[in-house]
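Peer 1: Input file: final30.cif. Contents: mmCIF, C-alpha atoms.
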data_final
loop_
_atom_site.group_PDB
_atom_site.id
_atom_site.type_symbol
_atom_site.label_atom_id
_atom_site.label_comp_id
_atom_site.auth_asym_id
_atom_site.auth_seq_id
_atom_site.Cartn_x
_atom_site.Cartn_y
_atom_site.Cartn_z
ATOM 1 C CA MET I 1 0.000 0.000 0.000
ATOM 2 C CA ASP I 2 1.434 3.395 -0.962
ATOM 3 C CA SER I 3 1.290 6.723 0.864
ATOM 4 C CA THR I 4 -1.663 7.991 -1.209
ATOM 5 C CA ALA I 5 -3.811 5.100 -0.069
ATOM 6 C CA LEU I 6 -2.757 5.639 3.537
ATOM 7 C CA LYS I 7 -3.616 9.331 3.235
ATOM 8 C CA ALA I 8 -7.100 8.373 2.061
ATOM 9 C CA HIS I 9 -7.543 6.332 5.224
ATOM 10 C CA PHE I 10 -6.357 9.147 7.468
ATOM 11 C CA GLU I 11 -8.661 11.579 5.682
ATOM 12 C CA ALA I 12 -11.563 9.177 6.197
ATOM 13 C CA ALA I 13 -10.683 8.939 9.905
ATOM 14 C CA ARG I 14 -10.788 12.742 10.170
ATOM 15 C CA GLN I 15 -14.208 12.812 8.484
ATOM 16 C CA HIS I 16 -15.561 10.150 10.846
ATOM 17 C CA ALA I 17 -14.147 11.533 14.085
ATOM 18 C CA PRO I 18 -15.886 10.093 17.159
ATOM 19 C CA SER I 19 -18.280 12.666 18.631
ATOM 20 C CA PRO I 20 -18.661 12.975 22.400
ATOM 21 C CA PRO I 21 -22.165 12.033 23.583
ATOM 22 C CA ASP I 22 -24.267 14.879 24.990
ATOM 23 C CA ALA I 23 -24.363 13.062 28.335
ATOM 24 C CA LEU I 24 -20.555 13.261 28.534
ATOM 25 C CA MET I 25 -20.589 16.990 27.758
ATOM 26 C CA ALA I 26 -23.197 17.471 30.498
ATOM 27 C CA ARG I 27 -21.148 15.475 33.030
ATOM 28 C CA VAL I 28 -18.003 17.471 32.257
ATOM 29 C CA MET I 29 -19.917 20.731 32.604
ATOM 30 C CA ALA I 30 -21.399 19.567 35.919
ATOM 31 C CA ASP I 31 -17.881 18.739 37.170
ATOM 32 C CA ALA I 32 -16.696 22.211 36.135
ATOM 33 C CA LEU I 33 -19.476 23.989 38.010
ATOM 34 C CA ALA I 34 -18.968 21.774 41.075
ATOM 35 C CA GLU I 35 -15.252 22.615 41.125
ATOM 36 C CA GLN I 36 -16.016 26.327 40.850
ATOM 37 C CA ALA I 37 -18.548 26.074 43.673
ATOM 38 C CA ALA I 38 -16.024 24.220 45.832
ATOM 39 C CA ALA I 39 -13.586 27.154 45.613
ATOM 40 C CA PRO I 40 -15.637 30.111 47.006
ATOM 41 C CA ASP I 41 -12.631 32.421 47.427
ATOM 42 C CA VAL I 42 -11.792 32.000 43.787
ATOM 43 C CA ALA I 43 -15.356 31.821 42.521
ATOM 44 C CA ALA I 44 -16.418 35.064 44.212
ATOM 45 C CA PRO I 45 -13.321 37.233 44.505
ATOM 46 C CA ALA I 46 -13.580 40.527 46.434
ATOM 47 C CA ARG I 47 -13.197 43.312 43.898
ATOM 48 C CA GLY I 48 -14.168 46.448 45.914
ATOM 49 C CA ARG I 49 -11.987 49.489 46.494
ATOM 50 C CA TRP I 50 -11.270 48.522 50.124
ATOM 51 C CA ALA I 51 -10.432 44.978 49.063
ATOM 52 C CA GLU I 52 -7.952 46.334 46.500
ATOM 53 C CA LEU I 53 -6.397 48.662 49.133
ATOM 54 C CA LEU I 54 -6.142 45.749 51.568
ATOM 55 C CA ARG I 55 -4.425 43.637 48.910
ATOM 56 C CA ALA I 56 -2.035 46.509 48.000
ATOM 57 C CA LEU I 57 -0.995 46.873 51.643
ATOM 58 C CA GLY I 58 -0.196 43.200 51.895
ATOM 59 C CA GLY I 59 -3.354 41.698 53.369
ATOM 60 C CA TRP I 60 -4.709 41.489 56.944
ATOM 61 C CA PRO I 61 -1.398 40.645 58.698
ATOM 62 C CA ALA I 62 0.296 43.726 57.230
ATOM 63 C CA VAL I 63 -2.678 45.941 58.056
ATOM 64 C CA ALA I 64 -2.722 44.651 61.660
ATOM 65 C CA GLY I 65 0.965 45.581 62.047
ATOM 66 C CA LEU I 66 0.325 48.994 60.548
ATOM 67 C CA ALA I 67 -2.568 49.631 62.962
ATOM 68 C CA CYS I 68 -0.408 48.606 65.960
ATOM 69 C CA ALA I 69 2.389 50.975 64.949
ATOM 70 C CA THR I 70 -0.086 53.824 64.466
ATOM 71 C CA LEU I 71 -1.663 53.323 67.896
ATOM 72 C CA ALA I 72 1.786 53.150 69.542
ATOM 73 C CA GLY I 73 2.755 56.459 67.875
ATOM 74 C CA VAL I 74 -0.399 58.183 69.069
ATOM 75 C CA TRP I 75 0.105 56.848 72.613
ATOM 76 C CA ILE I 76 3.737 58.024 72.778
ATOM 77 C CA GLY I 77 2.730 61.426 71.433
ATOM 78 C CA ALA I 78 -0.031 61.850 74.040
ATOM 79 C CA PHE I 79 1.809 60.368 77.034
ATOM 80 C CA PRO I 80 5.557 60.554 76.301
ATOM 81 C CA PRO I 81 7.847 58.497 78.611
ATOM 82 C CA VAL I 82 10.131 60.445 81.004
ATOM 83 C CA GLY I 83 13.351 59.424 79.243
ATOM 84 C CA LEU I 84 12.058 60.614 75.917
ATOM 85 C CA GLN I 85 11.060 63.968 77.403
ATOM 86 C CA THR I 86 14.588 64.502 78.792
ATOM 87 C CA ALA I 87 16.298 63.671 75.551
ATOM 88 C CA ALA I 88 13.939 65.683 73.446
ATOM 89 C CA GLY I 89 13.962 68.622 75.912
ATOM 90 C CA GLY I 90 17.762 68.895 75.736
ATOM 91 C CA LEU I 91 17.687 69.112 71.992
ATOM 92 C CA LEU I 92 14.564 70.950 71.186
ATOM 93 C CA THR I 93 14.124 73.685 73.798
ATOM 94 C CA PRO I 94 13.399 77.076 72.213
ATOM 95 C CA ASP I 95 16.660 78.654 73.509
ATOM 96 C CA ALA I 96 18.960 76.019 72.047
ATOM 97 C CA ALA I 97 19.715 76.486 68.403
ATOM 98 C CA LEU I 98 19.906 73.077 66.907
ATOM 99 C CA TYR I 99 23.093 73.668 64.946
ATOM 100 C CA THR I 100 25.095 74.462 68.154
ATOM 101 C CA VAL I 101 24.338 71.130 69.808
ATOM 102 C CA ASP I 102 27.350 68.871 69.857
ATOM 103 C CA VAL I 103 25.941 65.351 69.706
ATOM 104 C CA MET I 104 29.396 63.684 69.989
ATOM 105 C CA PRO I 105 31.698 65.930 72.077
ATOM 106 C CA ALA I 106 34.362 63.237 72.678
ATOM 107 C CA THR I 107 35.217 63.001 69.039
ATOM 108 C CA ALA I 108 35.199 66.689 68.184
ATOM 109 C CA PHE I 109 37.770 67.922 65.716
ATOM 110 C CA ASP I 110 39.500 71.071 66.866
ATOM 111 C CA ALA I 111 40.414 73.057 63.759
ATOM 112 C CA SER I 112 42.398 75.658 65.722
ATOM 113 C CA GLU I 113 45.205 73.243 66.633
ATOM 114 C CA GLY I 114 46.589 73.160 63.149
ATOM 115 C CA PRO I 115 49.304 70.785 61.959
ATOM 116 C CA SER I 116 51.743 69.435 64.631
ATOM 117 C CA MET J 1 -23.008 21.434 22.182
ATOM 118 C CA ARG J 2 -20.425 20.612 19.528
ATOM 119 C CA MET J 3 -17.856 23.104 18.333
ATOM 120 C CA PRO J 4 -17.424 23.531 14.571
ATOM 121 C CA ARG J 5 -14.393 21.596 13.399
ATOM 122 C CA ASP J 6 -12.708 24.544 11.672
ATOM 123 C CA ALA J 7 -12.948 26.641 14.823
ATOM 124 C CA MET J 8 -11.396 23.817 16.820
ATOM 125 C CA ASP J 9 -8.542 23.514 14.355
ATOM 126 C CA GLN J 10 -7.483 27.128 14.712
ATOM 127 C CA ASP J 11 -4.420 27.800 16.752
ATOM 128 C CA ALA J 12 -6.287 29.352 19.630
ATOM 129 C CA GLU J 13 -3.993 28.500 22.491
ATOM 130 C CA GLY J 14 -3.968 32.073 23.741
ATOM 131 C CA ALA J 15 -7.738 31.953 23.885
ATOM 132 C CA ASP J 16 -7.579 28.646 25.785
ATOM 133 C CA ASP J 17 -5.156 30.194 28.284
ATOM 134 C CA ALA J 18 -7.505 33.130 28.804
ATOM 135 C CA LEU J 19 -10.469 30.797 29.212
ATOM 136 C CA VAL J 20 -8.641 28.758 31.847
ATOM 137 C CA ALA J 21 -7.888 31.978 33.769
ATOM 138 C CA ARG J 22 -11.538 33.041 33.488
ATOM 139 C CA PHE J 23 -12.645 29.606 34.677
ATOM 140 C CA ALA J 24 -10.385 29.946 37.727
ATOM 141 C CA ASP J 25 -12.064 33.300 38.424
ATOM 142 C CA GLY J 26 -15.426 31.557 38.578
ATOM 143 C CA ASP J 27 -16.707 32.320 35.069
ATOM 144 C CA ALA J 28 -19.275 29.643 34.137
ATOM 145 C CA ALA J 29 -19.299 30.754 30.488
ATOM 146 C CA ALA J 30 -15.574 29.969 30.293
ATOM 147 C CA ALA J 31 -16.295 26.497 31.653
ATOM 148 C CA ARG J 32 -18.855 25.948 28.897
ATOM 149 C CA LEU J 33 -16.510 27.210 26.142
ATOM 150 C CA LEU J 34 -13.623 25.054 27.367
ATOM 151 C CA THR J 35 -15.927 22.044 27.501
ATOM 152 C CA GLN J 36 -17.078 22.661 23.934
ATOM 153 C CA ARG J 37 -13.547 23.208 22.631
ATOM 154 C CA LEU J 38 -11.665 20.490 24.466
ATOM 155 C CA VAL J 39 -13.965 17.544 25.205
ATOM 156 C CA PRO J 40 -14.371 16.547 21.504
ATOM 157 C CA ARG J 41 -10.575 16.379 21.177
ATOM 158 C CA ALA J 42 -10.036 14.508 24.423
ATOM 159 C CA TYR J 43 -12.820 12.035 23.661
ATOM 160 C CA ALA J 44 -11.784 11.368 20.044
ATOM 161 C CA HIS J 45 -8.160 10.909 21.084
ATOM 162 C CA ALA J 46 -9.134 8.424 23.793
ATOM 163 C CA VAL J 47 -11.383 6.467 21.386
ATOM 164 C CA ARG J 48 -8.534 6.200 18.890
ATOM 165 C CA LEU J 49 -6.065 5.054 21.527
ATOM 166 C CA LEU J 50 -8.407 2.647 23.349
ATOM 167 C CA GLY J 51 -11.006 1.609 20.757
ATOM 168 C CA ASN J 52 -13.682 1.651 23.434
ATOM 169 C CA HIS J 53 -16.270 4.396 23.622
ATOM 170 C CA ALA J 54 -17.333 3.855 27.243
ATOM 171 C CA GLU J 55 -13.722 3.886 28.476
ATOM 172 C CA ALA J 56 -13.004 6.928 26.317
ATOM 173 C CA GLU J 57 -15.876 8.781 28.012
ATOM 174 C CA ASP J 58 -14.416 8.039 31.445
ATOM 175 C CA ILE J 59 -11.002 9.204 30.345
ATOM 176 C CA ALA J 60 -12.215 12.419 28.723
ATOM 177 C CA GLN J 61 -14.196 13.270 31.867
ATOM 178 C CA GLU J 62 -11.232 12.513 34.135
ATOM 179 C CA ALA J 63 -8.850 14.569 31.972
ATOM 180 C CA MET J 64 -11.209 17.537 32.062
ATOM 181 C CA LEU J 65 -11.658 17.184 35.829
ATOM 182 C CA ARG J 66 -7.882 17.435 36.162
ATOM 183 C CA LEU J 67 -7.957 20.593 34.041
ATOM 184 C CA TRP J 68 -10.624 22.149 36.286
ATOM 185 C CA ARG J 69 -8.530 21.358 39.350
ATOM 186 C CA THR J 70 -5.307 22.609 37.766
ATOM 187 C CA ALA J 71 -6.885 25.861 36.521
ATOM 188 C CA PRO J 72 -6.191 28.016 39.640
ATOM 189 C CA ARG J 73 -2.481 27.167 39.345
ATOM 190 C CA TRP J 74 -2.322 27.368 35.526
ATOM 191 C CA ARG J 75 0.503 29.611 34.298
ATOM 192 C CA PRO J 76 -0.361 31.195 30.937
ATOM 193 C CA GLY J 77 2.197 30.732 28.182
ATOM 194 C CA GLU J 78 4.056 27.956 29.972
ATOM 195 C CA ALA J 79 2.333 25.026 28.231
ATOM 196 C CA ARG J 80 -0.409 24.870 25.636
ATOM 197 C CA VAL J 81 -3.712 23.720 27.059
ATOM 198 C CA THR J 82 -4.250 21.195 24.258
ATOM 199 C CA THR J 83 -0.695 19.843 24.609
ATOM 200 C CA TRP J 84 -1.334 19.316 28.308
ATOM 201 C CA LEU J 85 -4.703 17.688 27.558
ATOM 202 C CA TYR J 86 -3.385 15.268 24.920
ATOM 203 C CA ARG J 87 -0.664 14.232 27.350
ATOM 204 C CA VAL J 88 -3.092 13.638 30.214
ATOM 205 C CA VAL J 89 -5.444 11.639 27.955
ATOM 206 C CA ALA J 90 -2.567 9.494 26.664
ATOM 207 C CA ASN J 91 -1.267 8.878 30.188
ATOM 208 C CA LEU J 92 -4.721 7.853 31.392
ATOM 209 C CA CYS J 93 -5.095 5.512 28.382
ATOM 210 C CA THR J 94 -1.669 4.014 29.081
ATOM 211 C CA ASP J 95 -2.607 3.398 32.727
ATOM 212 C CA ARG J 96 -5.871 1.767 31.732
ATOM 213 C CA LEU J 97 -4.265 -0.495 29.134
ATOM 214 C CA ARG J 98 -1.493 -1.407 31.562
ATOM 215 C CA ARG J 99 -3.974 -2.309 34.289
ATOM 216 C CA ALA J 100 -5.808 -4.498 31.789
ATOM 217 C CA GLY J 101 -2.488 -6.101 30.811
ATOM 218 C CA ARG J 102 -2.730 -5.099 27.175
ATOM 219 C CA ASP J 103 -1.151 -2.619 24.798
ATOM 220 C CA SER J 104 -3.249 -2.995 21.680
ATOM 221 C CA PHE J 105 -7.039 -3.209 22.014
ATOM 222 C CA ASP J 106 -9.535 -5.881 21.188
ATOM 223 C CA LEU J 107 -10.740 -5.808 17.609
ATOM 224 C CA ASP J 108 -14.239 -6.670 18.820
ATOM 225 C CA ALA J 109 -14.381 -3.198 20.320
ATOM 226 C CA VAL J 110 -14.051 -1.617 16.890
ATOM 227 C CA PRO J 111 -17.468 -1.095 15.333
ATOM 228 C CA GLU J 112 -17.924 -2.918 12.062
ATOM 229 C CA PRO J 113 -18.189 -0.658 9.030
ATOM 230 C CA PRO J 114 -21.660 -0.328 7.552
ATOM 231 C CA GLY J 115 -22.644 -2.784 4.854
ATOM 232 C CA GLY J 116 -22.768 -1.901 1.170
ATOM 233 C CA ALA J 117 -26.288 -0.538 0.878
ATOM 234 C CA PRO J 118 -27.160 1.025 -2.474
ATOM 235 C CA GLY J 119 -26.518 4.762 -2.788
ATOM 236 C CA ALA J 120 -24.109 7.012 -0.898
ATOM 237 C CA GLU J 121 -21.366 4.662 -2.039
ATOM 238 C CA GLU J 122 -18.610 7.199 -1.509
ATOM 239 C CA ALA J 123 -19.692 7.924 2.054
ATOM 240 C CA LEU J 124 -19.834 4.217 2.792
ATOM 241 C CA GLN J 125 -16.382 3.716 1.352
ATOM 242 C CA SER J 126 -15.092 6.549 3.527
ATOM 243 C CA ALA J 127 -16.698 4.989 6.606
ATOM 244 C CA ASP J 128 -15.200 1.624 5.623
ATOM 245 C CA ARG J 129 -11.764 3.191 5.371
ATOM 246 C CA ALA J 130 -12.113 4.884 8.762
ATOM 247 C CA ALA J 131 -13.181 1.624 10.396
ATOM 248 C CA ALA J 132 -10.390 -0.315 8.671
ATOM 249 C CA LEU J 133 -7.855 2.239 9.854
ATOM 250 C CA GLN J 134 -9.124 2.026 13.424
ATOM 251 C CA ALA J 135 -8.879 -1.756 13.304
ATOM 252 C CA ALA J 136 -5.355 -1.570 11.923
ATOM 253 C CA LEU J 137 -4.327 1.041 14.524
ATOM 254 C CA ALA J 138 -5.597 -1.325 17.222
ATOM 255 C CA ARG J 139 -2.894 -3.817 16.351
ATOM 256 C CA LEU J 140 -0.021 -1.352 16.722
ATOM 257 C CA PRO J 141 1.937 -0.678 19.922
ATOM 258 C CA LEU J 142 0.427 2.218 21.866
ATOM 259 C CA ARG J 143 3.305 4.654 21.265
ATOM 260 C CA GLN J 144 3.194 4.110 17.502
ATOM 261 C CA ARG J 145 -0.581 4.444 17.548
ATOM 262 C CA GLN J 146 -0.395 7.671 19.522
ATOM 263 C CA ALA J 147 2.246 9.199 17.237
ATOM 264 C CA LEU J 148 0.308 8.274 14.078
ATOM 265 C CA VAL J 149 -2.989 9.629 15.403
ATOM 266 C CA LEU J 150 -1.416 12.920 16.479
ATOM 267 C CA ARG J 151 0.529 13.324 13.237
ATOM 268 C CA HIS J 152 -1.863 12.112 10.559
ATOM 269 C CA ILE J 153 -5.344 12.494 12.059
ATOM 270 C CA GLU J 154 -4.954 15.441 14.456
ATOM 271 C CA GLY J 155 -2.481 17.014 12.020
ATOM 272 C CA LEU J 156 0.075 18.168 14.594
ATOM 273 C CA ALA J 157 3.714 18.914 13.757
ATOM 274 C CA ASN J 158 6.434 16.551 14.981
ATOM 275 C CA PRO J 159 7.979 18.966 17.552
ATOM 276 C CA ARG J 160 4.560 19.429 19.148
ATOM 277 C CA ILE J 161 4.000 15.650 19.195
ATOM 278 C CA ALA J 162 7.417 15.247 20.811
ATOM 279 C CA GLU J 163 6.324 17.704 23.506
ATOM 280 C CA ILE J 164 3.086 15.775 24.091
ATOM 281 C CA MET J 165 4.836 12.400 24.174
ATOM 282 C CA GLU J 166 7.754 13.784 26.198
ATOM 283 C CA THR J 167 10.331 12.495 23.753
ATOM 284 C CA SER J 168 12.559 13.830 20.950
ATOM 285 C CA THR J 169 11.426 14.898 17.484
ATOM 286 C CA GLU J 170 13.679 12.189 16.031
ATOM 287 C CA ALA J 171 11.914 9.558 18.130
ATOM 288 C CA VAL J 172 8.555 10.800 16.839
ATOM 289 C CA GLU J 173 9.791 10.582 13.239
ATOM 290 C CA SER J 174 10.948 7.032 13.881
ATOM 291 C CA LEU J 175 7.656 6.051 15.542
ATOM 292 C CA THR J 176 5.545 7.467 12.714
ATOM 293 C CA ALA J 177 7.719 5.890 10.007
ATOM 294 C CA ARG J 178 7.502 2.443 11.606
ATOM 295 C CA GLY J 179 3.813 2.975 12.330
ATOM 296 C CA ARG J 180 3.045 3.856 8.682
ATOM 297 C CA ARG J 181 4.817 0.723 7.480
ATOM 298 C CA ALA J 182 2.927 -1.438 9.962
ATOM 299 C CA LEU J 183 -0.383 0.211 9.066
ATOM 300 C CA ALA J 184 0.228 -0.295 5.350
ATOM 301 C CA ALA J 185 0.882 -3.982 5.969
ATOM 302 C CA GLU J 186 -2.283 -4.297 8.063
ATOM 303 C CA LEU J 187 -4.449 -2.519 5.521
ATOM 304 C CA GLU J 188 -3.005 -4.354 2.531
ATOM 305 C CA GLY J 189 -5.061 -7.411 3.323
ATOM 306 C CA ARG J 190 -8.309 -5.438 3.070
ATOM 307 C CA ARG J 191 -7.351 -3.513 -0.032
ATOM 308 C CA ALA J 192 -9.530 -5.411 -2.475
ATOM 309 C CA ASP J 193 -12.555 -5.192 -0.163
ATOM 310 C CA LEU J 194 -12.286 -1.446 0.317
ATOM 311 C CA GLY J 195 -11.959 -0.603 -3.374
ATOM 312 C CA TYR J 196 -9.806 2.547 -3.195
ATOM 313 C CA ASP J 197 -7.734 3.695 -6.134
ATOM 314 C CA ALA J 198 -4.100 3.057 -5.368
#
Could you render the structure from this file as structure tokens?
Peer 2:
Amino acid sequence: MDSTALKAHFEAARQHAPSPPDALMARVMADALAEQAAAPDVAAPARGRWAELLRALGGWPAVAGLACATLAGVWIGAFPPVGLQTAAGGLLTPDAALYTVDVMPATAFDASEGPS
Amino acid sequence: MRMPRDAMDQDAEGADDALVARFADGDAAAARLLTQRLVPRAYAHAVRLLGNHAEAEDIAQEAMLRLWRTAPRWRPGEARVTTWLYRVVANLCTDRLRRAGRDSFDLDAVPEPPGGAPGAEEALQSADRAAALQAALARLPLRQRQALVLRHIEGLANPRIAEIMETSTEAVESLTARGRRALAAELEGRRADLGYDA
């Protein structure tokens, strides 16, 4: 048998391709819908503005951390600890110009000494 | 519920990718379109590899179920949906044949071609040829059968078949060459009965 005859057989096979029964199509479709229903987070994704903001910030764990840090900042601002008041008072009193404060006196460079 | 053949034959892998993503997002219309596009291919491929319509139905349904479950993790552009599907169908057929302790399938499972009723002679001859081919394919080793079906009935290129069969293009060429010779020998015996011009 030559290649032309074989081609005729393959062409016939293409023309008589087995068709899936309607019942099979229905079963496959039922499986698909069942799988979608079994994945509610995927099937009904949150698409609102707040949901997008939440996702952009990194989800609930990130937002919880952010809220904690914010509350701590407000608390420290309203009721500052004694140590913080001392440190801040030394630096930021109205009669102390900030540029005259020597934050590291032990390592000061004295320009007036000149070369030895 | 059938998809027109020409629409199925188009290279619409990008569309399949998009449909899989839509399915994963819960779009029921995408599920219906994927079913219409892919089930005919999966079912026909399984029938040609197994020669049994009931088993082919089970395999097509199982392959599609695996697609539904893979959809949320599907990465567009990484693999073609139809390549993945052909591979899953072939693997499921291989498992089934292995469990049954066979490689080729029983000729009794191949429907007999229609008899020579008067009229529509050409259509009958075509149906005879298709049935004869299926019977001849049944006698070949599974890998040869798979390569021949993908190359000469599904019309895929050798590199794509190599991807589906997870082998080299050279191996596919060898499988199809040996398969054509074996098919020709099988069909030779029925040549006079079929009455084709060659």
Peer 1: Near chain I, which residues of chain J fall within 7 Å when you count only C-alpha atoms, and what do they look like as a list of chain:residue names?
Peer 2: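 Close enough to count are J:Ala24, J:Asp25, J:Gly26, J:Ala28, J:Ala31, J:Arg32, J:Thr35, J:Pro40, J:Tyr43, J:Ala44, J:Glu57, J:Gln61, J:Met64, J:Leu65, J:Trp68, J:Ser126, J:Ala127, J:Arg129, J:Ala130, J:Leu133, J:His152, J:Ile153, J:Ala184, J:Glu188, J:Ala198.
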Peer 1: Quick one, how far is CA of Glu170 (chain J) from CA of Arg96 (chain J)?
Peer 2: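 Atom-to-atom, CA of Glu170 (chain J) to CA of Arg96 (chain J), that is 27.2 Å.
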Peer 1: For this file, the PyMOL selection byres ((chain J and resi 134) around 10) selects which residues, as a list in words?
Peer 2: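 That expression, the PyMOL selection byres ((chain J and resi 134) around 10), corresponds here to His9, Phe10 and Ala13 of chain I; Val47, Arg48, Leu49, Leu50, Gly51, Leu107, Val110, Pro111, Asp128, Arg129, Ala130, Ala131, Ala132, Leu133, Ala135, Ala136, Leu137, Ala138, Arg139, Arg145, Val149 and Leu183 of chain J.
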Peer 1: Taking the file as shown, find all residues satisfying the PyMOL selection byres ((chain J and resi 89) around 7) and write them as a list in words.
Peer 2: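 Taken over the shown coordinates, the PyMOL selection byres ((chain J and resi 89) around 7) returns Ala42, Ala46, Ile59, Ala60, Ala63, Leu85, Tyr86, Arg87, Val88, Ala90, Asn91, Leu92 and Cys93 of chain J.
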Peer 1: What is the CA of Asp16 (chain J) to CA of Ala56 (chain J) distance in Å?
Peer 2: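 Separation between CA of Asp16 (chain J) and CA of Ala56 (chain J): 22.4 Å.
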Peer 1: Which centre and edge lengths in Å to one decimal define the box along x, y and z that fits every listed atom of region 54-69 of chain I plus 3 Å per side, as lines of an AutoDock Vina configuration file?
Peer 2:
center_x = -1.9
center_y = 45.8
center_z = 57.0
size_x = 14.5
size_y = 16.3
size_z = 24.0
Peer 1: At what distance in Å, to one decimal, does CA of Ala15 (chain J) lie from CA of Gly77 (chain J)?
Peer 2: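 Calculated distance between CA of Gly77 (chain J) and CA of Ala15 (chain J) is 10.9 Å.
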Peer 1: Taking 3 positions as the minimum chain separation for residues in the same chain, which residues sit within 12 Å of Ala171 (chain J) when counting all atoms listed in the file? Answer as a list of chain:residue names.
Peer 2: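 Non-adjacent residues within range: J:Arg143, J:Gln144, J:Ala147, J:Asn158, J:Pro159, J:Ile161, J:Ala162, J:Glu163, J:Met165, J:Glu166, J:Thr167, J:Ser168, J:Ser174, J:Leu175, J:Thr176, J:Ala177, J:Arg178, J:Gly179.
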Peer 1: For C-alpha atoms, I'd like the residues from the last selection saved as a tab-separated table (two decimals), in the frame of the given file.
Peer 2:
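File produced: out12.tsv:
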chain	number	residue	atom	x	y	z
J	143	ARG	CA	3.30	4.65	21.26
J	144	GLN	CA	3.19	4.11	17.50
J	147	ALA	CA	2.25	9.20	17.24
J	158	ASN	CA	6.43	16.55	14.98
J	159	PRO	CA	7.98	18.97	17.55
J	161	ILE	CA	4.00	15.65	19.20
J	162	ALA	CA	7.42	15.25	20.81
J	163	GLU	CA	6.32	17.70	23.51
J	165	MET	CA	4.84	12.40	24.17
J	166	GLU	CA	7.75	13.78	26.20
J	167	THR	CA	10.33	12.50	23.75
J	168	SER	CA	12.56	13.83	20.95
J	174	SER	CA	10.95	7.03	13.88
J	175	LEU	CA	7.66	6.05	15.54
J	176	THR	CA	5.54	7.47	12.71
J	177	ALA	CA	7.72	5.89	10.01
J	178	ARG	CA	7.50	2.44	11.61
J	179	GLY	CA	3.81	2.98	12.33
Peer 1: I need the residue set behind the PyMOL selection byres ((chain J and resi 75) around 12) for this file; please write it as a short mmCIF file (atom, residue, chain, number, x, y, z; two decimals) with C-alpha atoms, in the frame of the given file.
Peer 2:
data_model
loop_
_atom_site.label_atom_id
_atom_site.label_comp_id
_atom_site.auth_asym_id
_atom_site.auth_seq_id
_atom_site.Cartn_x
_atom_site.Cartn_y
_atom_site.Cartn_z
CA GLY J 14 -3.97 32.07 23.74
CA ASP J 16 -7.58 28.65 25.78
CA ASP J 17 -5.16 30.19 28.28
CA ALA J 18 -7.50 33.13 28.80
CA VAL J 20 -8.64 28.76 31.85
CA ALA J 21 -7.89 31.98 33.77
CA ALA J 24 -10.38 29.95 37.73
CA THR J 70 -5.31 22.61 37.77
CA ALA J 71 -6.88 25.86 36.52
CA PRO J 72 -6.19 28.02 39.64
CA ARG J 73 -2.48 27.17 39.34
CA TRP J 74 -2.32 27.37 35.53
CA PRO J 76 -0.36 31.20 30.94
CA GLY J 77 2.20 30.73 28.18
CA GLU J 78 4.06 27.96 29.97
CA ALA J 79 2.33 25.03 28.23
CA ARG J 80 -0.41 24.87 25.64
CA VAL J 81 -3.71 23.72 27.06
#
